[in-house]
Amino acid sequence: MEPVSDFLFAAATDAKFPGKTQNQDAILAAMGQTGGGIPYGLFVVADGVGGLKDGSRASQTVIATLAEHFEPIWPVITAVSDQTITRLRQQLKKAILKANAAIQNLAAIDEERMASTITCAITLDKAMIAANAGDSRTYLFRQNQLKQITQDHSLVAWLLRQEHITAEQALTHPYKNVLMQALGATDKPQIDLFTQRLFPGDWLLLCSDGIWGTLTDEQLTDYLQTAVSPEQLVPILMQDAQNHSDDLSVVLIHLPVT
């Protein structure tokens with residue numbers, strides 16, 4: 001956990017059988033200051049699609065591409081404005097599309113299909129931009145209420161939104177792992193973008209389906225209501241979600257009340 005400005009954060013990822021199986025997930029959690037002295041954060045969770053070869057290469061490509069894309073951008077930001085946020089939204093989408101192309105290039109060279117989900121968040125001072133493709137999630141916890149900011153790009157989520165199935169049926173649906181969007185799977189993946197202002201007391205939770213598929217929203221809410229810090233809570237989430245059914249990734253960011 002590292003404090004930059006007022007934010008605290010912690011992150012962790014592990015395989016479903018630690019030390020025995022390859023982790024298909026990858027994470028990035030970094031904070032710093034722009035050239036104008038404004039605190040920024042770049043947080044990413046990528047989940048290599050199971051069943052396809054080199055899921056770990058796909059997720060690592062997502063992480064590397066986003067970090068590389070934004071490296072020359074941070075030094076030139078001198079102010080937080082509507083124009084800056086708009087440009088960051090554009091750059092975030094551009095970076096994700098660049099990661100998509102990079103995965104496709106790798107797949108073409110190896111003549112193997114590979115893909116990855118992504119959920120990510122950029123913070124610039126108290127502004128936040130989230131994005132996703134696939135079923136990795138970003139949540140906002142505010143005033144004891146947990147809200148899923150991103151929308152899953154999965155068959156079951158679509159069926160649920162169309163009211164073809166109930167929330168209870170979604171939990172055990174035979175096609176609950178089928179994705180409708182993922183990076184590397186198509187030339188033009190659907191990328192959803194969301195902008196929020198953050199306030200003291202807010203928490204951001206980014207995670208792969210190994211976390212949210214095991215711990216319910218009610219459980220996550222209970223954890224966050226009693227959390228002391230990201231550094232304290234992340235190991236608890238990782239331990240309690242570990243049922244050896246999926247790889248686990250979580251990034252947790254907190255803006256404390258001063």
# chains A, B, ... in the order shown; residues from 1 in each chain; ligands from 1

call {"tool": "residues_around", "arguments": {"residues": "Asp135 in chain A", "least_positions_apart": "2", "cutoff": "8 Å", "atoms": "only C-alpha atoms", "output": "PyMOL selection string"}}
result
chain A and resi 117-118+132-133+137+151-154+179+208-209

call {"tool": "select_by_dssp", "arguments": {"residues": "range 80-255 of chain A", "states": "strand (DSSP E)", "output": "PyMOL selection string"}}
result
chain A and resi 118-124+127-133+137-142+145-148+192-197+203-207+248-254

call {"tool": "write_last_selection", "arguments": {"atoms": "N, CA and C atoms", "output": "CSV table (one decimal), in the first residue's frame"}}
result
chain,number,residue,atom,x,y,z
A,118,ILE,N,-10.9,-7.0,-19.3
A,118,ILE,CA,-10.3,-5.8,-18.6
A,118,ILE,C,-11.3,-5.1,-17.8
A,119,THR,N,-10.9,-4.7,-16.6
A,119,THR,CA,-11.6,-3.6,-15.9
A,119,THR,C,-10.5,-2.7,-15.4
A,120,CYS,N,-10.7,-1.4,-15.5
A,120,CYS,CA,-9.7,-0.5,-15.1
A,120,CYS,C,-10.3,0.8,-14.6
A,121,ALA,N,-9.4,1.6,-13.9
A,121,ALA,CA,-9.9,2.9,-13.4
A,121,ALA,C,-8.7,3.8,-13.4
A,122,ILE,N,-8.9,5.0,-13.9
A,122,ILE,CA,-7.9,6.1,-13.8
A,122,ILE,C,-8.4,7.1,-12.8
A,123,THR,N,-7.6,7.5,-11.9
A,123,THR,CA,-8.0,8.6,-11.0
A,123,THR,C,-7.0,9.8,-11.3
A,124,LEU,N,-7.6,11.0,-11.3
A,124,LEU,CA,-6.9,12.2,-11.5
A,124,LEU,C,-7.4,13.2,-10.5
A,127,ALA,N,-11.2,12.9,-9.6
A,127,ALA,CA,-12.0,12.5,-10.8
A,127,ALA,C,-11.6,11.0,-11.1
A,128,MET,N,-12.6,10.2,-11.5
A,128,MET,CA,-12.3,8.8,-11.8
A,128,MET,C,-12.9,8.4,-13.1
A,129,ILE,N,-12.2,7.7,-14.0
A,129,ILE,CA,-12.7,7.2,-15.2
A,129,ILE,C,-12.5,5.7,-15.2
A,130,ALA,N,-13.6,4.9,-15.3
A,130,ALA,CA,-13.6,3.4,-15.3
A,130,ALA,C,-13.9,2.9,-16.7
A,131,ALA,N,-13.4,1.8,-17.0
A,131,ALA,CA,-13.7,1.1,-18.3
A,131,ALA,C,-13.7,-0.4,-18.2
A,132,ASN,N,-14.4,-1.1,-19.1
A,132,ASN,CA,-14.3,-2.5,-19.0
A,132,ASN,C,-14.7,-3.1,-20.4
A,133,ALA,N,-14.2,-4.3,-20.5
A,133,ALA,CA,-14.7,-5.2,-21.6
A,133,ALA,C,-14.6,-6.6,-21.0
A,137,ARG,N,-14.9,-6.7,-12.9
A,137,ARG,CA,-15.8,-5.6,-12.5
A,137,ARG,C,-15.1,-4.5,-11.7
A,138,THR,N,-15.7,-3.3,-11.8
A,138,THR,CA,-15.3,-2.2,-10.9
A,138,THR,C,-16.5,-1.8,-10.1
A,139,TYR,N,-16.3,-1.7,-8.8
A,139,TYR,CA,-17.4,-1.3,-7.8
A,139,TYR,C,-17.0,0.0,-7.2
A,140,LEU,N,-18.1,0.8,-6.8
A,140,LEU,CA,-17.9,1.9,-5.9
A,140,LEU,C,-18.7,1.7,-4.6
A,141,PHE,N,-18.0,1.8,-3.5
A,141,PHE,CA,-18.6,1.7,-2.2
A,141,PHE,C,-18.6,3.1,-1.6
A,142,ARG,N,-19.9,3.6,-1.4
A,142,ARG,CA,-20.1,4.9,-0.8
A,142,ARG,C,-21.2,5.0,0.1
A,145,GLN,N,-23.1,1.8,0.7
A,145,GLN,CA,-23.8,1.2,-0.4
A,145,GLN,C,-22.8,0.8,-1.5
A,146,LEU,N,-22.9,-0.5,-1.9
A,146,LEU,CA,-22.0,-1.0,-3.0
A,146,LEU,C,-22.7,-0.9,-4.3
A,147,LYS,N,-22.1,-0.3,-5.3
A,147,LYS,CA,-22.7,-0.1,-6.6
A,147,LYS,C,-21.7,-0.7,-7.6
A,148,GLN,N,-22.1,-1.6,-8.5
A,148,GLN,CA,-21.3,-2.0,-9.6
A,148,GLN,C,-21.3,-1.0,-10.7
A,192,ASP,N,-17.0,-0.1,-22.5
A,192,ASP,CA,-17.8,0.8,-21.8
A,192,ASP,C,-17.0,1.8,-21.0
A,193,LEU,N,-17.3,3.1,-20.9
A,193,LEU,CA,-16.6,4.0,-20.1
A,193,LEU,C,-17.5,4.7,-19.2
A,194,PHE,N,-17.0,5.0,-18.0
A,194,PHE,CA,-17.8,5.6,-16.9
A,194,PHE,C,-17.0,6.7,-16.2
A,195,THR,N,-17.6,7.8,-15.9
A,195,THR,CA,-16.9,8.9,-15.2
A,195,THR,C,-17.6,9.2,-13.9
A,196,GLN,N,-16.8,9.3,-12.8
A,196,GLN,CA,-17.4,9.6,-11.5
A,196,GLN,C,-16.5,10.6,-10.8
A,197,ARG,N,-17.1,11.4,-9.9
A,197,ARG,CA,-16.3,12.1,-8.9
A,197,ARG,C,-16.2,11.4,-7.6
A,203,TRP,N,-14.6,4.0,-1.6
A,203,TRP,CA,-13.8,2.9,-1.9
A,203,TRP,C,-14.0,2.5,-3.4
A,204,LEU,N,-13.0,2.1,-4.1
A,204,LEU,CA,-13.1,1.5,-5.4
A,204,LEU,C,-12.6,0.1,-5.3
A,205,LEU,N,-13.3,-0.8,-5.8
A,205,LEU,CA,-13.0,-2.3,-5.8
A,205,LEU,C,-13.0,-2.8,-7.2
A,206,LEU,N,-11.8,-3.2,-7.7
A,206,LEU,CA,-11.7,-3.8,-9.0
A,206,LEU,C,-11.4,-5.3,-8.8
A,207,CYS,N,-12.0,-6.2,-9.6
A,207,CYS,CA,-11.8,-7.6,-9.3
A,207,CYS,C,-12.2,-8.4,-10.5
A,248,LEU,N,-7.7,-15.4,-8.8
A,248,LEU,CA,-8.2,-14.3,-8.0
A,248,LEU,C,-7.4,-13.1,-8.2
A,249,SER,N,-8.1,-12.0,-8.4
A,249,SER,CA,-7.4,-10.7,-8.5
A,249,SER,C,-8.3,-9.6,-7.9
A,250,VAL,N,-7.7,-8.7,-7.1
A,250,VAL,CA,-8.4,-7.6,-6.5
A,250,VAL,C,-7.5,-6.4,-6.4
A,251,VAL,N,-8.0,-5.2,-6.7
A,251,VAL,CA,-7.4,-3.9,-6.5
A,251,VAL,C,-8.3,-3.1,-5.7
A,252,LEU,N,-7.9,-2.6,-4.6
A,252,LEU,CA,-8.7,-1.8,-3.7
A,252,LEU,C,-8.1,-0.4,-3.4
A,253,ILE,N,-8.9,0.6,-3.6
A,253,ILE,CA,-8.5,2.0,-3.5
A,253,ILE,C,-9.4,2.7,-2.5
A,254,HIS,N,-8.9,3.5,-1.6
A,254,HIS,CA,-9.7,4.2,-0.6
A,254,HIS,C,-9.3,5.6,-0.5

call {"tool": "residues_around", "arguments": {"residues": "Arg57 in chain A", "least_positions_apart": "2", "cutoff": "12 Å", "atoms": "only C-alpha atoms", "output": "ChimeraX atom specification"}}
result
/A:22-26,46-50,52-55,59-65,99,102-107,110,112-116,184

call {"tool": "select_by_dssp", "arguments": {"residues": "range 121-182 of chain A", "states": "helix (DSSP H, G or I)", "output": "PyMOL selection string"}}
result
chain A and resi 155-161+167-171

call {"tool": "closest_residue", "arguments": {"among": "A:Leu159, A:Phe70, A:Phe17, A:Met238", "to": "Leu88 in chain A", "atoms": "only C-alpha atoms"}}
result
A:Phe70

call {"tool": "residues_around", "arguments": {"residues": "Val156 in chain A", "least_positions_apart": "4", "cutoff": "12 Å", "atoms": "only C-alpha atoms", "output": "CSV table (one decimal) with N, CA and C atoms, in the first residue's frame"}}
result
chain,number,residue,atom,x,y,z
A,134,GLY,N,-15.7,-7.3,-21.0
A,134,GLY,CA,-15.7,-8.6,-20.4
A,134,GLY,C,-16.5,-8.6,-19.1
A,135,ASP,N,-16.1,-9.5,-18.2
A,135,ASP,CA,-16.9,-9.6,-16.9
A,135,ASP,C,-16.1,-9.3,-15.7
A,151,GLN,N,-20.6,-2.9,-16.3
A,151,GLN,CA,-21.7,-3.8,-16.7
A,151,GLN,C,-21.1,-5.0,-17.4
A,152,ASP,N,-21.4,-6.2,-16.8
A,152,ASP,CA,-20.7,-7.4,-17.4
A,152,ASP,C,-21.1,-7.6,-18.8
A,160,LEU,N,-30.1,-11.8,-18.0
A,160,LEU,CA,-30.6,-11.2,-16.8
A,160,LEU,C,-31.2,-9.8,-17.1
A,161,ARG,N,-30.5,-9.0,-17.9
A,161,ARG,CA,-31.0,-7.7,-18.2
A,161,ARG,C,-32.2,-7.7,-19.1
A,162,GLN,N,-32.3,-8.8,-19.9
A,162,GLN,CA,-33.5,-8.9,-20.7
A,162,GLN,C,-34.6,-9.6,-20.0
A,163,GLU,N,-34.4,-10.0,-18.7
A,163,GLU,CA,-35.4,-10.6,-17.8
A,163,GLU,C,-35.8,-12.0,-18.4
A,164,HIS,N,-34.9,-12.6,-19.1
A,164,HIS,CA,-35.1,-14.0,-19.5
A,164,HIS,C,-34.8,-15.0,-18.4
A,165,ILE,N,-34.0,-14.6,-17.4
A,165,ILE,CA,-33.7,-15.4,-16.3
A,165,ILE,C,-33.7,-14.6,-15.0
A,166,THR,N,-33.8,-15.2,-13.9
A,166,THR,CA,-33.8,-14.5,-12.6
A,166,THR,C,-32.3,-14.4,-12.1
A,167,ALA,N,-32.1,-13.5,-11.1
A,167,ALA,CA,-30.8,-13.4,-10.5
A,167,ALA,C,-30.4,-14.8,-9.8
A,168,GLU,N,-31.4,-15.5,-9.3
A,168,GLU,CA,-31.1,-16.8,-8.7
A,168,GLU,C,-30.6,-17.8,-9.7
A,169,GLN,N,-31.3,-17.8,-10.9
A,169,GLN,CA,-31.0,-18.7,-12.0
A,169,GLN,C,-29.6,-18.4,-12.6
A,170,ALA,N,-29.2,-17.1,-12.5
A,170,ALA,CA,-27.9,-16.7,-13.1
A,170,ALA,C,-26.8,-17.3,-12.3
A,171,LEU,N,-27.0,-17.5,-11.0
A,171,LEU,CA,-25.9,-18.1,-10.2
A,171,LEU,C,-25.4,-19.5,-10.6
A,172,THR,N,-26.4,-20.2,-11.2
A,172,THR,CA,-26.1,-21.6,-11.5
A,172,THR,C,-26.3,-21.9,-13.0
A,173,HIS,N,-26.4,-20.9,-13.8
A,173,HIS,CA,-26.7,-21.0,-15.2
A,173,HIS,C,-25.5,-21.8,-15.9
A,174,PRO,N,-25.8,-22.8,-16.8
A,174,PRO,CA,-24.8,-23.6,-17.4
A,174,PRO,C,-23.8,-22.8,-18.3
A,175,TYR,N,-24.3,-21.6,-18.8
A,175,TYR,CA,-23.4,-20.8,-19.6
A,175,TYR,C,-22.9,-19.5,-18.9
A,176,LYS,N,-22.8,-19.6,-17.6
A,176,LYS,CA,-22.4,-18.4,-16.9
A,176,LYS,C,-21.0,-17.9,-17.2
A,177,ASN,N,-20.2,-18.7,-17.8
A,177,ASN,CA,-18.8,-18.3,-18.1
A,177,ASN,C,-18.6,-17.9,-19.5
A,178,VAL,N,-19.7,-17.8,-20.3
A,178,VAL,CA,-19.7,-17.4,-21.7
A,178,VAL,C,-19.6,-15.9,-21.8
A,179,LEU,N,-18.6,-15.4,-22.4
A,179,LEU,CA,-18.4,-13.9,-22.6
A,179,LEU,C,-18.9,-13.5,-23.9
A,180,MET,N,-19.5,-12.3,-24.0
A,180,MET,CA,-19.9,-11.7,-25.2
A,180,MET,C,-18.9,-10.7,-25.8

call {"tool": "atom_distance", "arguments": {"atom1": "CA of Ala182 in chain A", "atom2": "CA of Leu237 in chain A"}}
result
25.1 Å

call {"tool": "residues_around", "arguments": {"residues": "Ala29 in chain A", "least_positions_apart": "3", "cutoff": "7 Å", "atoms": "only C-alpha atoms", "output": "PDB file with C-alpha atoms, in the first residue's frame"}}
result
ATOM      1  CA  ALA A  11      -3.638  -5.152  -4.753  1.00  0.00           C
ATOM      2  CA  LEU A  42      -3.819   3.743 -12.921  1.00  0.00           C
ATOM      3  CA  PHE A  43      -5.482   0.520 -11.764  1.00  0.00           C
ATOM      4  CA  VAL A  44      -6.158  -2.510 -13.973  1.00  0.00           C
TER       5      VAL A  44
END

call {"tool": "residues_around", "arguments": {"residues": "Pro230 in chain A", "least_positions_apart": "3", "cutoff": "8 Å", "atoms": "only C-alpha atoms", "output": "list in words"}}
result
Met1, Leu8, Phe9, Ala10, Ala227, Leu233, Val234, Leu252, Ile253 and His254 of chain A

call {"tool": "atom_distance", "arguments": {"atom1": "CA of Val76 in chain A", "atom2": "CA of Tyr40 in chain A"}}
result
12.3 Å

call {"tool": "closest_residue", "arguments": {"among": "A:Trp74, A:Ile109, A:Gly41, A:Ile27", "to": "Phe7 in chain A", "atoms": "only C-alpha atoms"}}
result
A:Gly41

call {"tool": "closest_residue", "arguments": {"among": "A:Asp247, A:Ala95, A:Ala108, A:Val257", "to": "Gly19 in chain A", "atoms": "only C-alpha atoms"}}
result
A:Asp247

call {"tool": "atom_distance", "arguments": {"atom1": "CA of Thr34 in chain A", "atom2": "CA of Ile77 in chain A"}}
result
5.7 Å

call {"tool": "closest_residue", "arguments": {"among": "A:Leu66, A:Gln143, A:Glu71, A:Ile96", "to": "Leu198 in chain A", "atoms": "only C-alpha atoms"}}
result
A:Gln143
